[in-house]
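What's in upload_24.txt: compact mmCIF, C-alpha atoms
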```txt
# COMPACT_ATOMS: atom_id res chain seq x y z
CA MET W 46 143.32 55.31 -3.79
CA SER W 47 139.75 54.31 -3.04
CA VAL W 48 137.64 55.93 -0.36
CA GLN W 49 137.28 52.55 1.42
CA SER W 50 141.04 52.10 1.86
CA GLU W 51 141.44 55.68 3.04
CA GLN W 52 139.06 54.95 5.92
CA TYR W 53 141.50 52.41 7.34
CA LEU W 54 144.74 54.42 7.15
CA ARG W 55 146.38 54.57 10.58
CA LYS W 56 147.06 57.81 12.38
CA TYR W 57 149.40 58.22 15.33
CA ARG W 58 151.53 60.69 17.24
CA VAL W 59 154.18 60.07 19.92
CA ILE W 60 155.47 62.97 22.00
CA VAL W 61 158.11 63.08 24.76
CA LYS W 62 158.10 65.98 27.23
CA LEU W 63 161.35 66.79 29.05
CA PRO W 64 161.22 69.08 32.12
CA GLN W 65 163.85 71.82 32.09
CA ALA W 66 165.78 73.49 34.93
CA ASP W 67 163.99 76.81 34.34
CA GLY W 68 160.58 75.20 34.84
CA SER W 69 159.77 74.99 31.15
CA THR W 70 159.19 71.81 29.16
CA GLU W 71 160.95 70.71 25.99
CA VAL W 72 158.49 68.93 23.69
CA ILE W 73 159.98 66.37 21.29
CA SER W 74 157.77 65.03 18.52
CA VAL W 75 159.21 61.52 18.21
CA SER W 76 156.99 60.19 15.42
CA ASP W 77 153.91 61.45 13.61
CA SER W 78 151.93 59.78 10.84
CA ASP W 79 151.63 63.19 9.14
CA LEU W 80 155.32 62.81 8.21
CA GLY W 81 154.40 59.95 5.90
CA THR W 82 157.27 57.65 4.94
CA GLU W 83 159.68 59.72 7.05
CA ALA W 84 157.84 58.86 10.29
CA LEU W 85 159.82 56.57 12.60
CA ARG W 86 158.50 53.14 13.37
CA VAL W 87 156.94 52.91 16.82
CA THR W 88 155.43 49.95 18.65
CA PHE W 89 153.40 50.16 21.84
CA ASP W 90 151.87 47.83 24.40
CA ILE W 91 149.70 49.71 26.88
CA TYR W 92 147.75 48.11 29.74
CA THR W 93 145.06 50.12 31.56
CA PRO W 94 143.08 48.14 34.19
CA ALA W 95 140.46 49.59 36.51
CA PHE W 96 140.78 49.16 40.29
CA GLN W 97 144.51 48.43 40.08
CA ALA W 98 147.40 50.41 41.49
CA TYR W 99 149.48 51.00 38.38
CA TRP W 100 149.04 51.32 34.62
CA TYR W 101 151.90 50.26 32.36
CA ALA W 102 153.16 51.01 28.86
CA ASP W 103 156.12 49.90 26.78
CA ILE W 104 156.76 52.23 23.86
CA THR W 105 159.57 51.31 21.47
CA ILE W 106 161.01 53.81 18.99
CA TYR W 107 163.13 52.58 16.09
CA ASN W 108 166.21 54.37 14.76
CA LEU W 109 165.76 57.61 16.67
CA ASP W 110 168.69 59.96 16.01
CA ALA W 111 171.61 59.69 18.44
CA LEU W 112 171.32 63.24 19.84
CA THR W 113 167.66 62.83 20.82
CA THR W 114 168.24 59.30 22.11
CA PHE W 115 170.99 60.36 24.51
CA LYS W 116 168.98 63.42 25.58
CA ILE W 117 166.09 61.15 26.59
CA LEU W 118 168.38 58.61 28.26
CA ASP W 119 170.12 61.35 30.25
CA ALA W 120 166.84 62.93 31.36
CA ALA W 121 165.33 59.63 32.48
CA THR W 122 168.38 58.41 34.42
CA SER W 123 169.51 61.72 35.91
CA GLN W 124 169.49 62.10 39.68
CA GLU W 125 168.69 65.80 39.40
CA PRO W 126 165.09 66.36 40.55
CA LEU W 127 164.44 68.95 37.86
CA LYS W 128 165.27 66.42 35.14
CA GLN W 129 163.01 63.72 36.47
CA GLY W 130 159.37 63.35 35.51
CA MET W 131 159.74 62.83 31.76
CA GLN W 132 156.32 62.27 30.20
CA VAL W 133 155.33 60.30 27.10
CA THR W 134 152.02 60.65 25.29
CA VAL W 135 150.68 58.35 22.59
CA GLU W 136 147.72 59.18 20.36
CA ALA W 137 146.41 56.57 17.94
CA GLY W 138 143.51 55.81 15.66
CA TYR W 139 142.66 56.38 12.02
CA GLN W 140 143.01 59.26 9.58
CA ASN W 141 139.32 59.33 8.68
CA GLY W 142 138.05 57.83 11.90
CA LYS W 143 138.49 57.98 15.63
CA PHE W 144 141.80 59.39 16.86
CA ASN W 145 142.54 60.13 20.49
CA LEU W 146 144.95 59.90 23.41
CA ILE W 147 145.58 56.34 24.65
CA TRP W 148 148.52 57.00 26.98
CA SER W 149 150.08 59.82 28.99
CA GLY W 150 152.46 58.74 31.73
CA THR W 151 155.88 58.99 33.34
CA VAL W 152 158.95 57.11 32.09
CA LEU W 153 160.22 54.68 34.72
CA GLN W 154 163.11 53.23 32.71
CA PRO W 155 164.57 53.79 29.22
CA GLN W 156 166.22 50.81 27.53
CA TRP W 157 168.50 51.13 24.52
CA GLY W 158 168.77 48.10 22.25
CA ARG W 159 169.80 46.79 18.86
CA GLU W 160 167.71 44.32 16.87
CA SER W 161 170.03 44.12 13.86
CA ILE W 162 172.97 45.91 12.26
CA THR W 163 170.67 48.67 11.02
CA GLU W 164 167.88 48.57 13.63
CA PHE W 165 168.40 50.45 16.89
CA THR W 166 165.63 50.77 19.46
CA LEU W 167 164.79 52.96 22.44
CA ASN W 168 162.19 51.35 24.68
CA LEU W 169 160.42 53.60 27.19
CA HIS W 170 159.00 51.58 30.08
CA CYS W 171 156.33 53.83 31.57
CA VAL W 172 154.15 53.68 34.68
CA ILE W 173 151.20 55.66 35.97
CA GLY W 174 150.85 55.54 39.74
CA LEU W 175 154.39 54.94 40.96
CA ASN W 176 155.38 58.57 41.51
CA GLU W 177 151.83 59.53 42.41
CA ASP W 178 151.48 56.82 45.06
CA ALA W 179 154.55 54.86 46.21
CA ARG W 180 157.05 57.72 45.79
CA ASN W 181 154.74 60.51 46.87
CA PHE W 182 154.59 62.38 50.17
CA ILE W 183 152.41 64.92 51.93
CA ASN W 184 152.64 66.88 55.17
CA THR W 185 149.79 69.28 55.86
CA ASN W 186 146.95 70.07 58.28
CA TYR W 187 143.25 70.80 57.93
CA SER W 188 141.20 72.76 60.43
CA THR W 189 137.93 71.77 62.06
CA GLY W 190 135.06 71.75 59.59
CA ALA W 191 137.01 70.41 56.63
CA SER W 192 135.10 67.81 54.63
CA GLN W 193 136.58 64.70 53.06
CA LEU W 194 136.10 66.38 49.71
CA ASP W 195 138.24 69.30 50.95
CA VAL W 196 140.93 66.90 52.18
CA VAL W 197 141.17 65.00 48.89
CA ARG W 198 141.28 68.17 46.80
CA GLY W 199 143.85 69.69 49.15
CA MET W 200 146.07 66.61 49.15
CA ALA W 201 145.94 66.39 45.37
CA ALA W 202 147.41 69.89 45.11
CA LYS W 203 149.93 69.75 47.98
CA THR W 204 151.64 66.38 47.49
CA LEU W 205 155.26 66.18 46.37
CA TYR W 206 154.00 64.99 42.99
CA PRO W 207 150.68 66.84 42.55
CA LEU W 208 147.71 64.71 41.53
CA ALA W 209 145.19 65.77 38.96
CA VAL W 210 141.60 65.53 40.11
CA ASP W 211 138.36 65.98 38.20
CA PRO W 212 135.65 67.19 40.62
CA LYS W 213 133.08 64.81 39.11
CA ASN W 214 135.36 61.83 39.87
CA ILE W 215 135.26 62.50 43.62
CA ALA W 216 131.81 64.12 43.81
CA ALA W 217 130.31 61.10 45.61
CA LEU W 218 132.43 61.66 48.73
CA ASN W 219 130.55 62.28 51.96
CA PRO W 220 130.18 66.07 52.48
CA LYS W 221 130.13 65.74 56.28
CA GLN W 222 132.50 68.08 58.10
CA SER W 223 135.19 67.01 60.54
CA VAL W 224 134.63 67.81 64.22
CA ARG W 225 138.36 68.20 64.81
CA GLY W 226 141.51 69.11 62.92
CA ILE W 227 143.08 66.64 60.53
CA THR W 228 146.80 65.97 60.00
CA VAL W 229 148.00 64.10 56.94
CA PHE W 230 151.63 62.97 56.93
CA GLY W 231 153.14 60.29 54.71
CA LYS W 232 152.01 58.66 51.50
CA PRO W 233 148.77 60.16 50.15
CA GLY W 234 147.59 56.67 49.19
CA LYS W 235 147.25 55.78 52.87
CA PHE W 236 144.77 58.59 53.47
CA LEU W 237 142.94 58.06 50.18
CA SER W 238 142.41 54.44 51.24
CA GLN W 239 141.06 55.51 54.64
CA ILE W 240 138.64 57.97 53.07
CA SER W 241 137.59 55.40 50.46
CA ASP W 242 136.89 52.78 53.14
CA ASP W 243 134.83 55.30 55.11
CA ASN W 244 132.68 55.87 52.01
CA ASN W 245 132.50 52.20 50.96
CA MET W 246 134.50 53.13 47.87
CA THR W 247 137.71 52.20 46.13
CA TRP W 248 140.24 54.61 44.64
CA TRP W 249 142.63 54.28 41.72
CA LEU W 250 144.78 56.42 39.45
CA ASP W 251 144.63 56.86 35.70
CA GLN W 252 146.23 59.33 33.30
CA LYS W 253 143.60 61.92 34.25
CA GLY W 254 144.21 61.65 38.00
CA ILE W 255 142.30 60.34 41.04
CA ASN W 256 139.16 58.23 40.76
CA MET W 257 137.02 57.42 43.79
CA SER W 258 133.79 55.47 43.48
CA SER W 259 131.79 52.64 44.94
CA PRO W 260 132.03 49.45 42.89
CA LEU W 261 128.61 48.42 44.16
CA SER W 262 126.41 50.97 42.43
CA GLY W 263 126.34 54.05 40.26
CA VAL W 264 129.62 53.28 38.50
CA VAL W 265 128.36 52.62 34.98
CA SER W 266 127.86 55.36 32.41
CA ASP W 267 124.36 56.15 31.13
CA ASP W 268 125.74 56.53 27.59
CA GLU W 269 124.79 54.04 24.92
CA ALA W 270 126.89 50.89 24.81
CA ILE W 271 129.61 50.63 22.16
CA VAL W 272 128.57 47.89 19.74
CA VAL W 273 131.26 45.43 18.63
CA SER W 274 130.69 42.79 15.99
CA SER W 275 132.42 40.20 13.82
CA PRO W 276 133.10 40.87 10.12
CA VAL W 277 130.47 39.50 7.74
CA PRO W 278 131.87 36.50 5.78
CA GLY W 279 132.26 37.30 2.09
CA SER W 280 131.70 41.05 2.56
CA LYS W 281 133.71 43.35 0.32
CA GLN W 282 133.56 46.13 2.89
CA PRO W 283 136.78 46.87 4.79
CA PRO W 284 136.93 46.14 8.54
CA THR W 285 135.67 48.96 10.75
CA GLN W 286 136.44 50.07 14.27
CA GLY W 287 134.59 47.83 16.67
CA THR W 288 135.31 44.81 14.46
CA ILE W 289 136.11 41.72 16.51
CA ILE W 290 139.39 39.92 15.82
CA GLY W 291 139.42 36.20 16.56
CA THR W 292 136.94 34.57 18.91
CA PRO W 293 135.64 36.37 22.00
CA MET W 294 135.67 34.25 25.15
CA GLN W 295 133.36 33.89 28.12
CA THR W 296 135.17 34.16 31.46
CA GLN W 297 134.24 33.67 35.09
CA TRP W 298 133.61 37.41 35.36
CA GLY W 299 132.24 38.25 31.92
CA VAL W 300 133.98 38.28 28.54
CA ASN W 301 137.41 38.77 26.96
CA LEU W 302 137.62 40.00 23.37
CA THR W 303 139.91 41.69 20.88
CA VAL W 304 138.83 44.40 18.42
CA LEU W 305 140.55 46.69 15.94
CA LEU W 306 142.22 49.53 17.83
CA ASP W 307 139.58 51.97 19.00
CA PRO W 308 140.78 54.91 21.15
CA SER W 309 137.20 55.69 22.18
CA ILE W 310 137.13 52.46 24.21
CA SER W 311 138.82 53.17 27.53
CA VAL W 312 138.71 52.56 31.26
CA GLN W 313 137.24 55.58 32.99
CA GLN W 314 135.17 56.74 35.91
CA ARG W 315 131.55 55.91 35.16
CA PHE W 316 132.53 52.84 33.21
CA GLN W 317 131.77 52.39 29.54
CA LYS W 318 129.60 49.56 28.26
CA ILE W 319 130.13 47.35 25.23
CA ARG W 320 127.53 45.21 23.54
CA ILE W 321 128.33 41.93 21.80
CA ASP W 322 126.16 39.17 20.40
CA ASN W 323 126.46 36.40 23.01
CA SER W 324 126.17 33.79 20.26
CA LEU W 325 129.64 34.84 19.06
CA LEU W 326 131.25 33.81 22.35
CA ARG W 327 133.22 30.66 22.94
CA LEU W 328 131.66 29.48 26.18
CA GLN W 329 133.68 28.87 29.32
CA LYS W 330 134.89 25.30 29.82
CA PHE W 331 133.00 23.54 32.59
CA THR W 332 134.97 22.69 35.72
CA ILE W 333 133.53 20.24 38.21
CA GLY W 334 132.64 22.01 41.44
CA VAL W 335 132.86 25.50 39.92
CA ARG W 336 129.84 27.40 38.69
CA PRO W 337 130.40 28.96 35.26
CA GLY W 338 130.22 32.71 34.84
CA ILE W 339 126.98 34.48 34.06
CA LEU W 340 126.39 36.03 30.64
CA ASP W 341 124.42 39.24 30.57
CA PRO W 342 120.99 38.60 29.00
CA ASP W 343 121.26 41.92 27.14
CA ALA W 344 124.81 41.06 26.00
CA THR W 345 126.09 44.28 27.59
CA TYR W 346 129.31 44.31 29.62
CA VAL W 347 131.37 46.85 31.56
CA VAL W 348 134.79 47.81 30.17
CA GLY W 349 137.07 46.87 33.08
CA ALA W 350 140.48 46.80 31.37
CA VAL W 351 141.90 47.69 27.96
CA ARG W 352 145.24 46.72 26.45
CA TYR W 353 146.27 48.71 23.36
CA VAL W 354 148.79 47.07 21.03
CA GLY W 355 150.17 48.69 17.89
CA ASP W 356 153.00 48.68 15.38
CA THR W 357 153.06 51.66 13.02
CA ARG W 358 154.79 49.58 10.33
CA GLY W 359 153.52 46.13 11.21
CA THR W 360 150.32 44.14 11.55
CA PRO W 361 149.26 44.73 15.21
CA TRP W 362 146.71 47.52 15.64
CA TYR W 363 144.13 46.31 18.11
CA CYS W 364 142.89 46.49 21.68
CA GLU W 365 142.08 43.66 24.04
CA ILE W 366 139.09 44.25 26.31
CA ILE W 367 138.17 42.65 29.61
CA GLY W 368 134.44 43.03 30.11
CA TYR W 369 132.60 42.39 33.37
CA THR W 370 129.02 41.26 33.86
CA LEU W 371 126.66 43.49 35.82
CA VAL W 372 124.48 41.76 38.40
CA SER W 373 121.86 44.11 39.84
CA ASP W 374 124.13 47.10 39.16
CA ILE W 375 127.07 45.38 40.87
CA ILE W 376 130.18 44.57 38.84
CA ALA W 377 130.80 40.81 38.96
CA LEU W 378 134.50 41.45 39.66
CA VAL W 379 133.67 42.68 43.16
CA GLU W 380 132.79 39.37 44.72
CA GLY W 381 135.96 37.57 43.69
CA ASN W 382 139.12 39.60 43.56
CA LEU W 383 138.44 43.30 43.95
CA LYS W 384 140.49 43.49 47.17
CA THR W 385 143.44 41.84 45.44
CA ASN W 386 143.25 44.15 42.44
CA THR W 387 143.14 47.30 44.53
CA SER W 388 146.10 46.39 46.73
CA ARG W 389 148.90 48.95 46.73
CA PRO W 390 152.46 48.83 48.05
CA ARG W 391 152.77 50.37 51.46
```

Entire entry expressed as structure tokens:
Amino acid sequence: MSVQSEQYLRKYRVIVKLPQADGSTEVISVSDSDLGTEALRVTFDIYTPAFQAYWYADITIYNLDALTTFKILDAATSQEPLKQGMQVTVEAGYQNGKFNLIWSGTVLQPQWGRESITEFTLNLHCVIGLNEDARNFINTNYSTGASQLDVVRGMAAKTLYPLAVDPKNIAALNPKQSVRGITVFGKPGKFLSQISDDNNMTWWLDQKGINMSSPLSGVVSDDEAIVVSSPVPGSKQPPTQGTIIGTPMQTQWGVNLTVLLDPSISVQQRFQKIRIDNSLLRLQKFTIGVRPGILDPDATYVVGAVRYVGDTRGTPWYCEIIGYTLVSDIIALVEGNLKTNTSRPR
């Protein structure tokens, strides 16, 4: 096998974590590319948008053995609190390239199916944010002098479903201290929204926990932009990560494009940047009475949403990216539909 073909071999790992009655966790390795031809086929469709309430994933496992299948089905549908909270993680990439986590979230619903006489499937419909927000609850008090930073960190640890929190993702909160005691009772999202509004911020959840930031400034990473490009016609070199698939499109808010699956491209606090040659874009169709979107003169856009799609024994292995234009350090998304995107069930 040539070195060039080795650079494009896919690598993946799917793990299911089942909580046990004694507080431990049973870890089931569902499929792993290291098993070679014995690895089960897995498909995934993972959607991770910034500024939105929930992240979704559909992970389908083919021909999983009956014992493990029923164990997962029982754990996901059980009414016993200790059995709830099953987690699924998906790592994907390339054997001699980038390989990283692209999903870690709770199973909302398992679905057993049959595609043919010999093909049985177990689909795990997963959500990040449902337990942490809509199904969560907190009842606690804070004394005089507590800061908003103290409240957020305290709530994250004391909710019914604890929330992970990276200090740097809430560091911009106002350090001012409260002049009276604070009582928090109900859904934590209600109080996170109040604190966000007080700081001219928005908050959202990802697989790493709480994010709180202002969409108007200071939200873009200082790291170098990830360069994406189209394959060179007639080149004998294999496609590389960052290679564009199809034709990227200009949108009202920036660009939409598809590239070979790259786990290093993700939605995160301090948003990543991608750089694309604007001449590769199919321009937005003109509509009478509507101003077209603005292309960044430096061809650099903010990664606002990523959808990962893969089939370990099929063709799909790519990610779709929604990129937003920056206008004077303000994400173009803000002016149009930020309030809609950040809405949460009450």

Find the residues of range 286-380 of chain W that sit at most 8 Å from range 85-103 of chain W; for each, write down the nearest two atoms and how far apart they are in Å, to one decimal. Count all atoms listed in the file. Sort by chain, then by number going up, and give it as a tab-separated table.
```
residue	atom	partner	partner_atom	distance
W:Val312	CA	W:Ala95	CA	6.3
W:Gln313	CA	W:Ala95	CA	7.7
W:Gly349	CA	W:Ala95	CA	5.5
W:Ala350	CA	W:Pro94	CA	4.1
W:Val351	CA	W:Thr93	CA	5.4
W:Arg352	CA	W:Tyr92	CA	4.4
W:Tyr353	CA	W:Ile91	CA	5.0
W:Val354	CA	W:Asp90	CA	4.6
W:Gly355	CA	W:Phe89	CA	5.3
W:Asp356	CA	W:Thr88	CA	4.3
W:Thr357	CA	W:Val87	CA	5.6
W:Arg358	CA	W:Arg86	CA	6.0
```

When distances are computed from all atoms listed in the file, which of W:Asn244, W:Thr134, W:Gln252, W:Gln193 shows the smallest separation from Ser76 in chain W?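 Closest candidate: W:Thr134.
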
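Relative to CA of Lys221 in chain W, CA of Leu237 in chain W is found at 16.1 Å.
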
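Proximity to Val172 in chain W was assessed for W:Tyr139, W:Tyr187, W:Ile106, W:Asp251 counting all atoms listed in the file; the smallest distance is recorded for W:Asp251.
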
List as an mmCIF file with C-alpha atoms, keeping the file's coordinate frame the protein and nucleic acid residues near Val196 in chain W, meaning an atom at most 10 Å away when all atoms listed in the file are counted, but skip any in the same chain fewer than 5 places from it.
```cif
data_model
loop_
_atom_site.group_PDB
_atom_site.id
_atom_site.type_symbol
_atom_site.label_atom_id
_atom_site.label_comp_id
_atom_site.auth_asym_id
_atom_site.auth_seq_id
_atom_site.Cartn_x
_atom_site.Cartn_y
_atom_site.Cartn_z
ATOM 1 C CA THR W 185 149.790 69.280 55.860
ATOM 2 C CA ASN W 186 146.950 70.070 58.280
ATOM 3 C CA TYR W 187 143.250 70.800 57.930
ATOM 4 C CA ALA W 191 137.010 70.410 56.630
ATOM 5 C CA ALA W 201 145.940 66.390 45.370
ATOM 6 C CA ILE W 227 143.080 66.640 60.530
ATOM 7 C CA THR W 228 146.800 65.970 60.000
ATOM 8 C CA VAL W 229 148.000 64.100 56.940
ATOM 9 C CA PHE W 236 144.770 58.590 53.470
ATOM 10 C CA LEU W 237 142.940 58.060 50.180
ATOM 11 C CA ILE W 240 138.640 57.970 53.070
#
```

Nearest-residue call for Thr114 in chain W, choices W:Ile73, W:Met294, W:Ile271, W:Arg58, using all atoms listed in the file: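 Nearest candidate to Thr114 in chain W out of W:Ile73, W:Met294, W:Ile271, W:Arg58: W:Ile73.
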
So that I can check the surroundings of Ile183 in chain W, please list as a list in words every protein, DNA and RNA residue that reaches within 6 Å of it, counting all atoms listed in the file and ignoring chain neighbours fewer than 2 positions away. Thr204, Phe230 and Gly231 of chain W

Box centre and edge lengths (Å, one decimal), axis-aligned, range 64-74 of chain W plus 8 Å each side, as lines of an AutoDock Vina configuration file:
```
center_x = 161.8
center_y = 70.9
center_z = 26.7
size_x = 24.0
size_y = 27.8
size_z = 32.4
```

In Å, with one decimal, what is the gap from CA of Ile147 in chain W to CA of Ile367 in chain W?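 That distance, rounded to one decimal, is 16.3 Å.
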
With distances taken over all atoms listed in the file, which residue among W:Lys232, W:Lys143, W:Arg225, W:Lys213 lies nearest Asn176 in chain W?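 With all atoms listed in the file as the atom set, the closest residue is W:Lys232.
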
Give me the residues near range 153-168 of chain W as an MDAnalysis selection string, where near means some atom within 7 Å (using only C-alpha atoms) and where sequence neighbours in that chain fewer than 5 positions away do not count. chainID W and resid 103:108 118 121

Separation of CA of Gln317 in chain W from CA of Leu302 in chain W in Å: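 Taking CA of Leu302 in chain W as the start and CA of Gln317 in chain W as the end point, the length is 15.0 Å.
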